[in-house]
Every structure is written in C-alpha cells, then in structure tokens.
Amino acid sequence: MEIKDFKAQRQQLMASLPEGSVALLFAARECTRSNDTEYHFRQNSDFFYLTGFNEPDALLVLRPGQTPESVIFVRPTDKLAEIWHGRRLGVDAAPEALQLDAAFSVEQMAELLPDLVNGADTLAWLPGQEGYSDEAVSALMATLRGGFRQGRRAPTQQLDLRTQLHEMRLHKSDAEVAVMARAGEISAKAHVRAMQACRPGLFEYQLEAEINHECAMHGARFMAYNSIVGGGDNACILHYTENESQLKDGDLVLIDAGCELEGYAADITRTFPVNGRFSEEQKAIYALVLEAEKTAIAMIKPGVSIKEANDQVLKIMVSGLVELGLLQGEVQELIEQDAHKAFYMHGLGHWIGIDVHDVGDYHTAERTRPLEPGMVLTIEPGLYIGPDAEVDPKWRGIGIRVEDDVLVTEEGHRVLTGDVPKEIDEIEALMAG
Ligand code: GLY
Ligand code: MN
Ligand code: MN
C-alpha cells in the first residue's frame, strides 16, 4: 500500500459523512508487558486504515469541506526520547509524509482540538474503542459546552463511525488485495517449511519457530495472531496457543498461523501427520474435512452466503460421520439436532483484513449476508475428536482443520493461500522429500 491509497480511503470516508461532521480517529497506545518494557506496538486498525501511520499517541481529525480538512496530532520530535526509544516522524514531516493538510504536536491537543471541532453539528468517532478515547471525547465536549461565552458550540449529534468505516474495510481495494495475496503467499511458504521440518520429538514451539523464521525471511516480521501449533489432543483445543508439548510419532499436528504484512493478515490452517504418514483413521477424517473445505470454496461467488456454504459443509461432514460410525441416525435430523456440534463446534469462516477476525456486518449470527466482490473471508471447517469423545477409541485424539483465505471476485473467487498442499498424497510426498 502507498500513502495515496490511505488518502483515498480517507476521502471515501469523508464523502460518506453527513454535512457538518468532524471525525476523530485515535491511534493505539503502547501497552506495558512488564515493569518498564512494552509489547511490540500494534496500531489501531481503523486509524491505520485511514493513515498508514504506525506511531502511538496520535489523533486524526477529518473536517470535510473545511480548511484544513485533514489534521493529525503526532508526537513531537525529541532528541533524548528518540535516542532511547526510537525515531518519530514529527510535526514538520507529517503533512507531506502522510499527505495530510496540517500537523500539530499532541502536546498542543488540549489547546487546539476544541477549535478544530467547534461549530460542527456532528461528532463522528468510534465510542468504546481505545481505552482512553471515550475520556478524551468527554473532555472535549465539556470544553466546547463550557465555552459558549467564547463563541463555542458543541456538536449536537454523535455518530458511531463503525457503520461507514467497517463497511468500507469489508470491501477491499485492488491495493489491499495485492498486500493480502502476498501475505497469503508468505504464510503458505511458512506452512510448507513447517511440514518439511516436522519430526517426532520436536516441541510444538520449535515448529512455530520454523513458521516465524520463514515469514520473517520473506519480509513479514510479525504474525497476525498467536500461532496455534497443536499435536495430538492439543489440536482439539480450538485456540490452543501454549505450543509447549512434544510432538509424538503417530499423532497429527494442526498448525493455524498467518503473517501480518503491511498491516494485513493471512490466516491458514493445515493439519498433517507428525511422522509424515497418515493412519487409516486420520485419513478418513481428513478426507471429510478436505472435501467439505473444497466444496465450500467452490461455492464462493457473489450472492452466496457463508451460511449456504456451511449448510453444504454440514451435509458432507455429518453424512461422513454417520458412514464412519461416529454418529448414528438420519443425516438431516442429526443436523437439525446440532449433533455435529460434538465434533464441529465453530463457524465456517470470517471476514479477514487488517484484523484477522475483520470488521464488517454478517447480517445474522448464521452469517446470511450475500457475498460481494472485494470481500475476503476464510473457509475453515474442522472436526475435533477429543480424548473424552464417546466414540470408538481409535478415533480419539484426531483434530483436523483446513483453512484458506478466499477473495470474492466478479466471476467467483480467488484463493489467496493456495500455495500450500492440502491433498493427502501431496502432503505425504512433501514430507517424504
Ligand atoms: N486463527 C484464528 C481463526 O482461524 O479464526
Ligand atoms: Mn486460523
Ligand atoms: Mn480463521
């Protein structure tokens, strides 16, 4: 993404606001890890979408139709702070670097912000987002309300920006898709490397290290979320991130990992045998999950919903589980009774973008929203047969998910994460090599 792309996003948002609006977007703040050390900084996703700016303690003010129209408050340059903590863009460089009309120091915010908002009818922002922003907006409104003798007028309306902004974020531009496709390619390489490196006796976190290494070597320094590397029973814990067990011969390992590239996420899951060869039981369950995943992906096109794809997934998985003897009964009745939830207890997929679980309305809990070109979603069916499952013990300890990221196009779809094998024979061949 280039700065002009972020500017275009800003302009699109401004064009959607009611007349007489001023919008405020707060950057994230640094977050303490322990004593005086911080977690690595991650920008607020909405602020990033509209600026491409990656420093904490900033505020973007958008004043459509006014001069200056786009204003940012940033940390001032400070020789001592920069020697200790790192470079800052600073006030003087910010307007050109970020293609904004004006910049001021955050230290002048209390003094200057009321005048930038004064007279607006509507204050647009995202209530309840960053911990400190609600307080900042209350203080601003109090200042404006208290300043009527100085000719100040507080906005009479407040608008939650989520509706406009998150609808925009849900529909990806070509520039965003290009970054996400690259994030998908890099993450696919990382999964291939993990398959090649895997062997019994390795610790899960050591396989995680292979993933991190490959992503970093291709330019993605961070992962989009905490990677899940779960061997055996651990694969049945949906958000298992301890990654601290030793991988056992004969078990499967499930890896759910995707890099963050230029602020955008990838999200891939593959499941494969620790020793490189699937057992008969593992093959049988894997084949079901894979057929479900491929069928769902094949359905993705404008007008279809996640729910419709999931309905097909349920038919495939429940019929298969009945055939294998893991469920008993009539397929449609079992689906109506939610019998599958014993083994498939999550949804089929989610929007993905700057956030791995990205923003955007699904219309209903069942995700009935018809897909449109430019949306990107994951498809990730799974079957998890835990150690306590009431089934023939030979099935226990099999947890399988297969997950890809899919762009909806005018013609249908494009898989952004297709460069990592998922067919049984492909995986075995790769691991044997
Ligand atoms: N990695 C989280 C998910 O697949 O939704
Ligand atoms: Mn995932
Ligand atoms: Mn996912």
# chains A, B, ... in the order shown; residues from 1 in each chain; ligands from 1
>>> residues_near_ligand(ligand="ligand 1", cutoff="8 Å", atoms="only C-alpha atoms and all ligand atoms", output="NGL selection string")
:A and (225-228 or 239 or 256-258 or 267-269 or 349-350 or 356-357 or 378 or 380 or 403)
>>> residues_around(residues="A:Ala8", least_positions_apart="5", cutoff="10 Å", atoms="only C-alpha atoms", output="PyMOL selection string")
chain A and resi 3+13-14+50-51
>>> write_last_selection(atoms="C-alpha atoms", output="PDB file, in the first residue's frame")
ATOM      1  CA  ILE A   3       0.237   6.647   1.211  1.00  0.00           C
ATOM      2  CA  LEU A  13     -14.910   8.059   4.358  1.00  0.00           C
ATOM      3  CA  MET A  14     -15.208  11.856   4.316  1.00  0.00           C
ATOM      4  CA  LEU A  50      -7.062   5.933   7.228  1.00  0.00           C
ATOM      5  CA  THR A  51      -3.432   6.991   7.695  1.00  0.00           C
TER       6      THR A  51
END
>>> residues_around(residues="A:Gly65", least_positions_apart="6", cutoff="12 Å", atoms="only C-alpha atoms", output="VMD selection string")
chain A and resid 11 14 to 15 17 to 22 120
>>> write_last_selection(atoms="N, CA, C and O atoms", output="short mmCIF file (atom, residue, chain, number, x, y, z; two decimals), in the first residue's frame")
data_model
loop_
_atom_site.label_atom_id
_atom_site.label_comp_id
_atom_site.auth_asym_id
_atom_site.auth_seq_id
_atom_site.Cartn_x
_atom_site.Cartn_y
_atom_site.Cartn_z
N GLN A 11 -10.57 9.86 1.92
CA GLN A 11 -11.51 10.68 1.14
C GLN A 11 -12.84 9.99 0.96
O GLN A 11 -13.90 10.62 1.00
N MET A 14 -14.72 10.47 4.17
CA MET A 14 -15.21 11.86 4.32
C MET A 14 -16.44 12.09 3.45
O MET A 14 -17.39 12.75 3.87
N ALA A 15 -16.41 11.52 2.25
CA ALA A 15 -17.54 11.71 1.32
C ALA A 15 -18.81 11.06 1.87
O ALA A 15 -19.92 11.45 1.50
N LEU A 17 -19.75 11.05 5.07
CA LEU A 17 -20.22 11.64 6.33
C LEU A 17 -21.31 12.69 6.07
O LEU A 17 -21.27 13.38 5.05
N PRO A 18 -22.25 12.84 7.01
CA PRO A 18 -23.26 13.89 6.85
C PRO A 18 -22.59 15.27 6.86
O PRO A 18 -21.54 15.44 7.47
N GLU A 19 -23.22 16.23 6.20
CA GLU A 19 -22.66 17.58 6.17
C GLU A 19 -22.51 18.12 7.58
O GLU A 19 -23.31 17.81 8.46
N GLY A 20 -21.46 18.90 7.80
CA GLY A 20 -21.26 19.49 9.12
C GLY A 20 -20.65 18.53 10.13
O GLY A 20 -20.79 18.71 11.33
N SER A 21 -19.98 17.47 9.63
CA SER A 21 -19.37 16.49 10.55
C SER A 21 -17.89 16.78 10.74
O SER A 21 -17.22 17.27 9.83
N VAL A 22 -17.41 16.42 11.90
CA VAL A 22 -15.97 16.31 12.13
C VAL A 22 -15.74 14.91 12.69
O VAL A 22 -16.49 14.46 13.57
N ALA A 120 -19.08 22.21 14.57
CA ALA A 120 -19.58 21.03 13.84
C ALA A 120 -20.94 20.63 14.41
O ALA A 120 -21.17 20.75 15.61
#
>>> select_by_dssp(residues="stretch 137-365 of chain A", states="alpha helix (DSSP H)", output="PyMOL selection string")
chain A and resi 137-146+162-170+174-197+204-217+280-299+306-324+331-336
>>> write_last_selection(atoms="C-alpha atoms", output="compact mmCIF listing (two decimals), in the first residue's frame")
# COMPACT_ATOMS: atom_id res chain seq x y z
CA VAL A 137 -14.11 12.90 23.80
CA SER A 138 -15.97 13.64 27.06
CA ALA A 139 -13.32 16.20 27.97
CA LEU A 140 -13.55 17.78 24.52
CA MET A 141 -17.36 18.00 24.67
CA ALA A 142 -17.18 19.53 28.16
CA THR A 143 -14.73 22.16 26.92
CA LEU A 144 -16.95 23.01 23.95
CA ARG A 145 -20.13 23.14 26.06
CA GLY A 146 -18.40 25.28 28.68
CA ARG A 162 -18.27 1.94 12.64
CA THR A 163 -21.13 1.67 10.17
CA GLN A 164 -19.42 3.58 7.35
CA LEU A 165 -15.85 2.70 8.12
CA HIS A 166 -16.32 -1.01 8.67
CA GLU A 167 -18.42 -1.37 5.56
CA MET A 168 -15.53 0.23 3.66
CA ARG A 169 -12.97 -2.05 5.30
CA LEU A 170 -15.07 -5.09 4.37
CA ASP A 174 -7.04 -3.77 -5.50
CA ALA A 175 -4.13 -2.35 -3.47
CA GLU A 176 -5.37 -4.10 -0.32
CA VAL A 177 -5.93 -7.37 -2.18
CA ALA A 178 -2.37 -7.23 -3.53
CA VAL A 179 -0.97 -6.99 0.00
CA MET A 180 -3.25 -9.75 1.28
CA ALA A 181 -2.28 -12.02 -1.60
CA ARG A 182 1.38 -11.51 -0.73
CA ALA A 183 0.63 -12.20 2.97
CA GLY A 184 -1.06 -15.42 1.83
CA GLU A 185 1.92 -16.47 -0.29
CA ILE A 186 4.41 -15.86 2.51
CA SER A 187 2.26 -17.71 5.04
CA ALA A 188 1.91 -20.63 2.61
CA LYS A 189 5.70 -20.87 2.34
CA ALA A 190 5.86 -20.92 6.14
CA HIS A 191 3.43 -23.86 6.34
CA VAL A 192 5.45 -25.74 3.70
CA ARG A 193 8.61 -25.18 5.74
CA ALA A 194 6.89 -26.47 8.89
CA MET A 195 5.76 -29.64 7.07
CA GLN A 196 9.31 -30.21 5.84
CA ALA A 197 10.85 -29.61 9.28
CA GLU A 204 5.40 -27.52 19.15
CA TYR A 205 7.09 -24.16 19.74
CA GLN A 206 10.04 -25.32 17.64
CA LEU A 207 7.70 -25.87 14.71
CA GLU A 208 6.28 -22.42 15.47
CA ALA A 209 9.84 -21.07 15.19
CA GLU A 210 10.11 -22.51 11.65
CA ILE A 211 6.94 -20.59 10.73
CA ASN A 212 8.23 -17.36 12.26
CA HIS A 213 11.57 -17.75 10.51
CA GLU A 214 10.10 -18.26 7.07
CA CYS A 215 7.71 -15.32 7.42
CA ALA A 216 10.50 -13.02 8.59
CA MET A 217 12.82 -14.12 5.79
CA GLU A 280 -6.27 -45.04 8.14
CA GLU A 281 -8.43 -43.28 10.77
CA GLN A 282 -6.64 -39.97 10.27
CA LYS A 283 -7.07 -40.30 6.51
CA ALA A 284 -10.79 -40.94 6.84
CA ILE A 285 -11.46 -37.85 8.97
CA TYR A 286 -9.04 -35.70 6.97
CA ALA A 287 -10.74 -36.64 3.70
CA LEU A 288 -14.09 -35.47 5.10
CA VAL A 289 -12.75 -32.10 6.26
CA LEU A 290 -10.92 -31.56 2.99
CA GLU A 291 -13.96 -32.42 0.89
CA ALA A 292 -16.02 -30.01 2.99
CA GLU A 293 -13.44 -27.25 2.60
CA LYS A 294 -13.06 -27.66 -1.15
CA THR A 295 -16.84 -27.83 -1.65
CA ALA A 296 -17.34 -24.62 0.35
CA ILE A 297 -14.58 -22.80 -1.56
CA ALA A 298 -16.06 -23.92 -4.89
CA MET A 299 -19.38 -22.31 -3.88
CA ILE A 306 -21.32 -18.15 4.35
CA LYS A 307 -24.42 -19.88 5.76
CA GLU A 308 -25.24 -21.52 2.41
CA ALA A 309 -21.69 -22.84 2.13
CA ASN A 310 -21.83 -24.06 5.72
CA ASP A 311 -25.09 -25.92 5.04
CA GLN A 312 -23.26 -27.96 2.38
CA VAL A 313 -20.33 -28.48 4.74
CA LEU A 314 -22.68 -29.87 7.39
CA LYS A 315 -24.21 -32.33 4.90
CA ILE A 316 -20.80 -33.63 3.86
CA MET A 317 -19.41 -33.90 7.35
CA VAL A 318 -22.48 -35.40 9.01
CA SER A 319 -23.02 -37.98 6.23
CA GLY A 320 -19.36 -38.91 6.52
CA LEU A 321 -19.50 -39.20 10.30
CA VAL A 322 -22.56 -41.46 10.00
CA GLU A 323 -20.78 -43.65 7.43
CA LEU A 324 -17.75 -43.97 9.71
CA VAL A 331 -28.37 -37.03 8.39
CA GLN A 332 -30.92 -34.20 8.19
CA GLU A 333 -32.28 -34.96 11.66
CA LEU A 334 -28.78 -35.04 13.12
CA ILE A 335 -28.08 -31.62 11.57
CA GLU A 336 -31.34 -30.21 12.94
>>> atom_distance(atom1="atom CA of A:Arg277", atom2="atom CA of A:Val229")
18.2 Å
>>> select_by_dssp(residues="stretch 80-283 of chain A", states="strand (DSSP E or B)", output="ChimeraX atom specification")
/A:102-105,122-125,157-160,203,222-223,228-231,246,252-257,259-261,264-265,268-273
>>> closest_residue(among="A:Ile300, A:Ala266, A:Met431, A:Ile354", to="ligand 2", atoms="only C-alpha atoms and all ligand atoms")
A:Ala266
>>> closest_residue(among="A:Phe26, A:Phe6, A:Tyr384, A:Phe222", to="A:Gly131", atoms="only C-alpha atoms")
A:Phe26
>>> atom_distance(atom1="atom CA of A:Phe278", atom2="atom CA of A:Glu428")
7.8 Å
>>> residues_around(residues="A:Ala110", least_positions_apart="2", cutoff="10 Å", atoms="only C-alpha atoms", output="PyMOL selection string")
chain A and resi 106-108+112-115+136+139-140+143
>>> atom_distance(atom1="atom CA of A:Gly347", atom2="atom CA of A:Glu366")
8.3 Å
>>> closest_residue(among="A:Gln157, A:Asn234, A:Ser305, A:Asn275", to="A:Lys248", atoms="only C-alpha atoms")
A:Asn275
